[in-house]
Amino acid sequence: AAAKRVVVDWNLSYISIDRDGHSLRRAISVNGKLPIPPIVATIGDTVELNVHNGLDRPTTIHAHGLFQTNNTHMDGPAMITQCGIPPGDSFTYMYKLENRGSYWIHGHQAHEISDGLRAAFIINDKPDEQPYQYDEDYLLTFEDWFKEEFADRMYQTLNPKESFPPPHGYASGLINGVNGNVTQELKFQPGKTYRIRLVNMGDLNSFQFSLPGHDMQVIEADGEYSVPYITDGIDIAPAQRYSVLVKAHDTDAYNYHFNSTMHANFIPASPGLTPRVYTGNIEYNKNSPYQDTRAFYEKPDFKWLNDIEMEALDGQPAMIPTRNVYQDIGNKLYDTGQHLDHINNITFAMPNVPTLFTALSMGSLVMDPRVYGPQTNAVVLNYGEIVELTINSPAQLPHPIHRHGLTFQIVEYGPASTPFPIPEKFQNIPVRSALAAPMRRDTMSIPEYSYIKVRFRAVSAINILHCHYSVHAAIGDVRNVSQAGDSNYG
């Protein structure tokens, strides 16, 4: 089929809404509605996204996971590739769809993710290029929804008169935009095979997904196809996505429940508040009873997905690095009384001029990281070099780290290096190495008190790397990545 031009119009505005059945609050809507409908297109298409900013502050939009080859100016992070769209103004994003799979799209200024500006972005294969066959395609999006607007949560985080970390807020879980316990059922027919896309669009919480009574074959992580990986459960960090294939039973004698547990391990458990368990329905026949699957969670060999055990479907071996980059993530107390995050002891601050504009105007100085400003913590890479990035995270909470503009190979996990005592439960963390064809993805989840090694080929682009906990990105867990050399920025 010929490539299409898919036109999508977004008029952003505020609405008052009760999304979880517990709290009425102000949120960001598109065309007066929330949840925002997913964008669906096919690889090779061009998506034209016309955004009108009806908010009271500037905003930008980022299509999370899209490569943006020679299209960096459409990537969207505010003051990195563009200025914010002023209130009352409009901007058109043009996305040339060169990768396929499960993605999402969200605001990238003032952390509007938490206020509702987020939607799934599905890029289908061309019919004759599908590596896996299935009968139907289902989408499950996961969101955490706080009763407070993000600005209120940030005020509490940055207020030196408050304790740090601030008192924990407890979110509700949404599945496909509604309270997770009332989301529409997935209808199965005996003998059919279903692709279920799992997209965590959350702000802070992970979601543990399982489908008792059925086998799940994972075939995709963050838009990259994998060799089929059989698992019982998937812990999906914020910004991560997976696709699973599920073969329906040969009979409709029973219906089943799927489970989605929303959690943040670093927040102490509190009955009824966290973790929160949501169940949805797999309906074969509305007149059939539901199968009792309690024993599924009690089996001793219950298997959680581990992406270091996955293999890329195309069989690409581990790349041989030509450059090593090291990053240390931490948090420190400033003389302002504020606790801020840092990478290599530098807390990120937005530049006064978008980084892309600087790169396009500095001539021979484009490779000098100093021109991008000290607080952007810029690392400048040469076009085409193979980079091994090691991120050391000696922290008692995981970090979901997203790298704009490309995917990276997950090659190793291991224990973090730190001069400080490590809690007993996190001691003796083993080193785990990738298989012959390391899995690629765009959002890594670094476990507590761990390091991760990833490898990627530097492309021609201006990008950032940042934690996808919105609060962490807001308090400095961001790094500017400028890549230059034998190609232009486009």
# chains A, B, ... in the order shown; residues from 1 in each chain; ligands from 1
$ select_by_dssp --residues "region 295-488 of chain A" --states "strand (DSSP E)" --output "PyMOL selection string"
chain A and resi 323-333+339-343+379-382+386-393+399-403+408-415+432-433+440-441+443-446+450-457+461-467+478-484
$ residues_around --residues "Asn287 (chain A)" --least-positions-apart "4" --cutoff "9 Å" --atoms "only C-alpha atoms" --output "NGL selection string"
:A and (253-255)
$ residues_around --residues "region 365-382 of chain A" --least-positions-apart "3" --cutoff "8 Å" --atoms "only C-alpha atoms" --output "PyMOL selection string"
chain A and resi 343+346-351+355+358-360+362+385+458+478-485
$ atom_distance --atom1 "CA of Ser243 (chain A)" --atom2 "CA of Asn179 (chain A)"
22.0 Å
$ residues_around --residues "Glu98 (chain A)" --least-positions-apart "6" --cutoff "9 Å" --atoms "only C-alpha atoms" --output "ChimeraX atom specification"
/A:43-45,66-69
$ write_last_selection --atoms "N, CA and C atoms" --output "mmCIF file, in the first residue's frame"
data_model
loop_
_atom_site.group_PDB
_atom_site.id
_atom_site.type_symbol
_atom_site.label_atom_id
_atom_site.label_comp_id
_atom_site.auth_asym_id
_atom_site.auth_seq_id
_atom_site.Cartn_x
_atom_site.Cartn_y
_atom_site.Cartn_z
ATOM 1 N N ILE A 43 4.042 2.251 9.151
ATOM 2 C CA ILE A 43 5.414 2.616 8.820
ATOM 3 C C ILE A 43 5.474 3.119 7.380
ATOM 4 N N GLY A 44 6.202 4.188 7.169
ATOM 5 C CA GLY A 44 6.270 4.835 5.859
ATOM 6 C C GLY A 44 5.332 6.010 5.708
ATOM 7 N N ASP A 45 4.291 6.079 6.545
ATOM 8 C CA ASP A 45 3.369 7.216 6.509
ATOM 9 C C ASP A 45 4.047 8.468 7.055
ATOM 10 N N LEU A 66 10.259 7.710 18.525
ATOM 11 C CA LEU A 66 10.479 7.919 17.097
ATOM 12 C C LEU A 66 11.914 8.377 16.860
ATOM 13 N N PHE A 67 12.538 7.839 15.800
ATOM 14 C CA PHE A 67 13.959 8.094 15.562
ATOM 15 C C PHE A 67 14.230 9.531 15.090
ATOM 16 N N GLN A 68 13.377 10.089 14.271
ATOM 17 C CA GLN A 68 13.531 11.469 13.791
ATOM 18 C C GLN A 68 14.829 11.685 13.009
ATOM 19 N N THR A 69 15.172 10.735 12.146
ATOM 20 C CA THR A 69 16.372 10.884 11.321
ATOM 21 C C THR A 69 16.230 12.098 10.408
#
$ residues_around --residues "region 196-203 of chain A" --least-positions-apart "2" --cutoff "8 Å" --atoms "only C-alpha atoms" --output "ChimeraX atom specification"
/A:102-104,113-114,118-120,137-144,194,205-207,236-246,468-470
$ closest_residue --among "A:Pro87, A:Pro271, A:Gly116, A:Pro289" --to "Pro37 (chain A)" --atoms "only C-alpha atoms"
A:Gly116
$ select_by_dssp --residues "region 182-339 of chain A" --states "helix (DSSP H, G or I)" --output "PyMOL selection string"
chain A and resi 294-298+307-309
$ write_last_selection --atoms "all heavy atoms" --output "mmCIF file, in the first residue's frame"
data_model
loop_
_atom_site.group_PDB
_atom_site.id
_atom_site.type_symbol
_atom_site.label_atom_id
_atom_site.label_comp_id
_atom_site.auth_asym_id
_atom_site.auth_seq_id
_atom_site.Cartn_x
_atom_site.Cartn_y
_atom_site.Cartn_z
ATOM 1 N N ARG A 294 -6.108 -18.349 41.295
ATOM 2 C CA ARG A 294 -5.272 -17.947 42.428
ATOM 3 C C ARG A 294 -3.976 -18.750 42.504
ATOM 4 O O ARG A 294 -2.924 -18.236 42.895
ATOM 5 C CB ARG A 294 -6.061 -18.082 43.728
ATOM 6 C CG ARG A 294 -7.076 -16.964 43.951
ATOM 7 C CD ARG A 294 -7.930 -17.221 45.165
ATOM 8 N NE ARG A 294 -8.828 -18.368 44.955
ATOM 9 C CZ ARG A 294 -9.738 -18.779 45.836
ATOM 10 N NH1 ARG A 294 -9.848 -18.129 46.991
ATOM 11 N NH2 ARG A 294 -10.521 -19.810 45.584
ATOM 12 N N ALA A 295 -4.028 -20.009 42.098
ATOM 13 C CA ALA A 295 -2.835 -20.853 42.185
ATOM 14 C C ALA A 295 -1.730 -20.368 41.248
ATOM 15 O O ALA A 295 -0.541 -20.651 41.472
ATOM 16 C CB ALA A 295 -3.202 -22.302 41.855
ATOM 17 N N PHE A 296 -2.101 -19.609 40.216
ATOM 18 C CA PHE A 296 -1.116 -19.102 39.258
ATOM 19 C C PHE A 296 -0.054 -18.272 39.956
ATOM 20 O O PHE A 296 1.142 -18.357 39.642
ATOM 21 C CB PHE A 296 -1.851 -18.270 38.196
ATOM 22 C CG PHE A 296 -0.969 -17.531 37.235
ATOM 23 C CD1 PHE A 296 -0.385 -18.182 36.162
ATOM 24 C CD2 PHE A 296 -0.740 -16.167 37.379
ATOM 25 C CE1 PHE A 296 0.419 -17.499 35.256
ATOM 26 C CE2 PHE A 296 0.058 -15.470 36.488
ATOM 27 C CZ PHE A 296 0.637 -16.151 35.420
ATOM 28 N N TYR A 297 -0.461 -17.464 40.922
ATOM 29 C CA TYR A 297 0.475 -16.561 41.590
ATOM 30 C C TYR A 297 1.266 -17.253 42.696
ATOM 31 O O TYR A 297 2.194 -16.672 43.245
ATOM 32 C CB TYR A 297 -0.283 -15.364 42.156
ATOM 33 C CG TYR A 297 -0.948 -14.547 41.086
ATOM 34 C CD1 TYR A 297 -2.315 -14.642 40.843
ATOM 35 C CD2 TYR A 297 -0.200 -13.696 40.281
ATOM 36 C CE1 TYR A 297 -2.916 -13.907 39.835
ATOM 37 C CE2 TYR A 297 -0.786 -12.956 39.275
ATOM 38 C CZ TYR A 297 -2.155 -13.066 39.058
ATOM 39 O OH TYR A 297 -2.744 -12.347 38.047
ATOM 40 N N GLU A 298 0.889 -18.473 43.015
ATOM 41 C CA GLU A 298 1.566 -19.190 44.088
ATOM 42 C C GLU A 298 2.587 -20.190 43.570
ATOM 43 O O GLU A 298 3.301 -20.811 44.357
ATOM 44 C CB GLU A 298 0.518 -19.915 44.947
ATOM 45 C CG GLU A 298 -0.473 -18.959 45.613
ATOM 46 C CD GLU A 298 -1.667 -19.679 46.210
ATOM 47 O OE1 GLU A 298 -1.725 -20.928 46.099
ATOM 48 O OE2 GLU A 298 -2.545 -18.993 46.783
ATOM 49 N N ASP A 307 14.764 -8.105 30.681
ATOM 50 C CA ASP A 307 15.134 -7.761 29.303
ATOM 51 C C ASP A 307 16.557 -8.159 28.933
ATOM 52 O O ASP A 307 16.888 -8.249 27.750
ATOM 53 C CB ASP A 307 14.863 -6.287 28.986
ATOM 54 C CG ASP A 307 15.642 -5.301 29.838
ATOM 55 O OD1 ASP A 307 16.536 -5.725 30.611
ATOM 56 O OD2 ASP A 307 15.366 -4.087 29.735
ATOM 57 N N ILE A 308 17.415 -8.422 29.916
ATOM 58 C CA ILE A 308 18.764 -8.885 29.597
ATOM 59 C C ILE A 308 18.725 -10.295 29.014
ATOM 60 O O ILE A 308 19.665 -10.736 28.341
ATOM 61 C CB ILE A 308 19.678 -8.838 30.850
ATOM 62 C CG1 ILE A 308 21.159 -8.875 30.468
ATOM 63 C CG2 ILE A 308 19.345 -9.962 31.809
ATOM 64 C CD1 ILE A 308 21.694 -7.614 29.880
ATOM 65 N N GLU A 309 17.627 -11.020 29.242
ATOM 66 C CA GLU A 309 17.462 -12.383 28.722
ATOM 67 C C GLU A 309 16.806 -12.410 27.349
ATOM 68 O O GLU A 309 16.731 -13.466 26.716
ATOM 69 C CB GLU A 309 16.624 -13.218 29.689
ATOM 70 C CG GLU A 309 17.239 -13.360 31.086
ATOM 71 C CD GLU A 309 16.286 -14.030 32.060
ATOM 72 O OE1 GLU A 309 15.096 -14.211 31.703
ATOM 73 O OE2 GLU A 309 16.719 -14.377 33.172
#
$ closest_residue --among "A:Ile429, A:Ile410, A:Leu204, A:Ile464" --to "His64 (chain A)" --atoms "only C-alpha atoms"
A:Ile464
$ atom_distance --atom1 "CA of His214 (chain A)" --atom2 "CA of Asp232 (chain A)"
8.7 Å
$ residues_around --residues "Val431 (chain A)" --least-positions-apart "2" --cutoff "9 Å" --atoms "only C-alpha atoms" --output "PyMOL selection string"
chain A and resi 412-415+429+433
$ closest_residue --among "A:Ser163, A:Gln189, A:Ile219, A:Leu55" --to "Ala27 (chain A)" --atoms "only C-alpha atoms"
A:Leu55
$ residues_around --residues "region 275-284 of chain A" --least-positions-apart "2" --cutoff "10 Å" --atoms "only C-alpha atoms" --output "JSON, numbers by chain"
{"A": [170, 171, 172, 173, 174, 175, 179, 180, 181, 182, 183, 184, 185, 186, 187, 188, 189, 190, 205, 206, 207, 208, 209, 210, 211, 248, 249, 251, 252, 253, 254, 255, 256, 257, 258, 259, 260, 261, 262, 263, 264, 265, 267, 268, 269, 270, 271, 272, 273, 286, 287, 288, 289, 290]}
$ atom_distance --atom1 "CA of Thr81 (chain A)" --atom2 "CA of Leu49 (chain A)"
16.7 Å
$ closest_residue --among "A:Pro300, A:Met154, A:Ser393, A:Ser445" --to "Asp235 (chain A)" --atoms "only C-alpha atoms"
A:Ser445
$ closest_residue --among "A:Glu112, A:Lys4, A:Met79, A:Pro165" --to "Ala151 (chain A)" --atoms "only C-alpha atoms"
A:Glu112
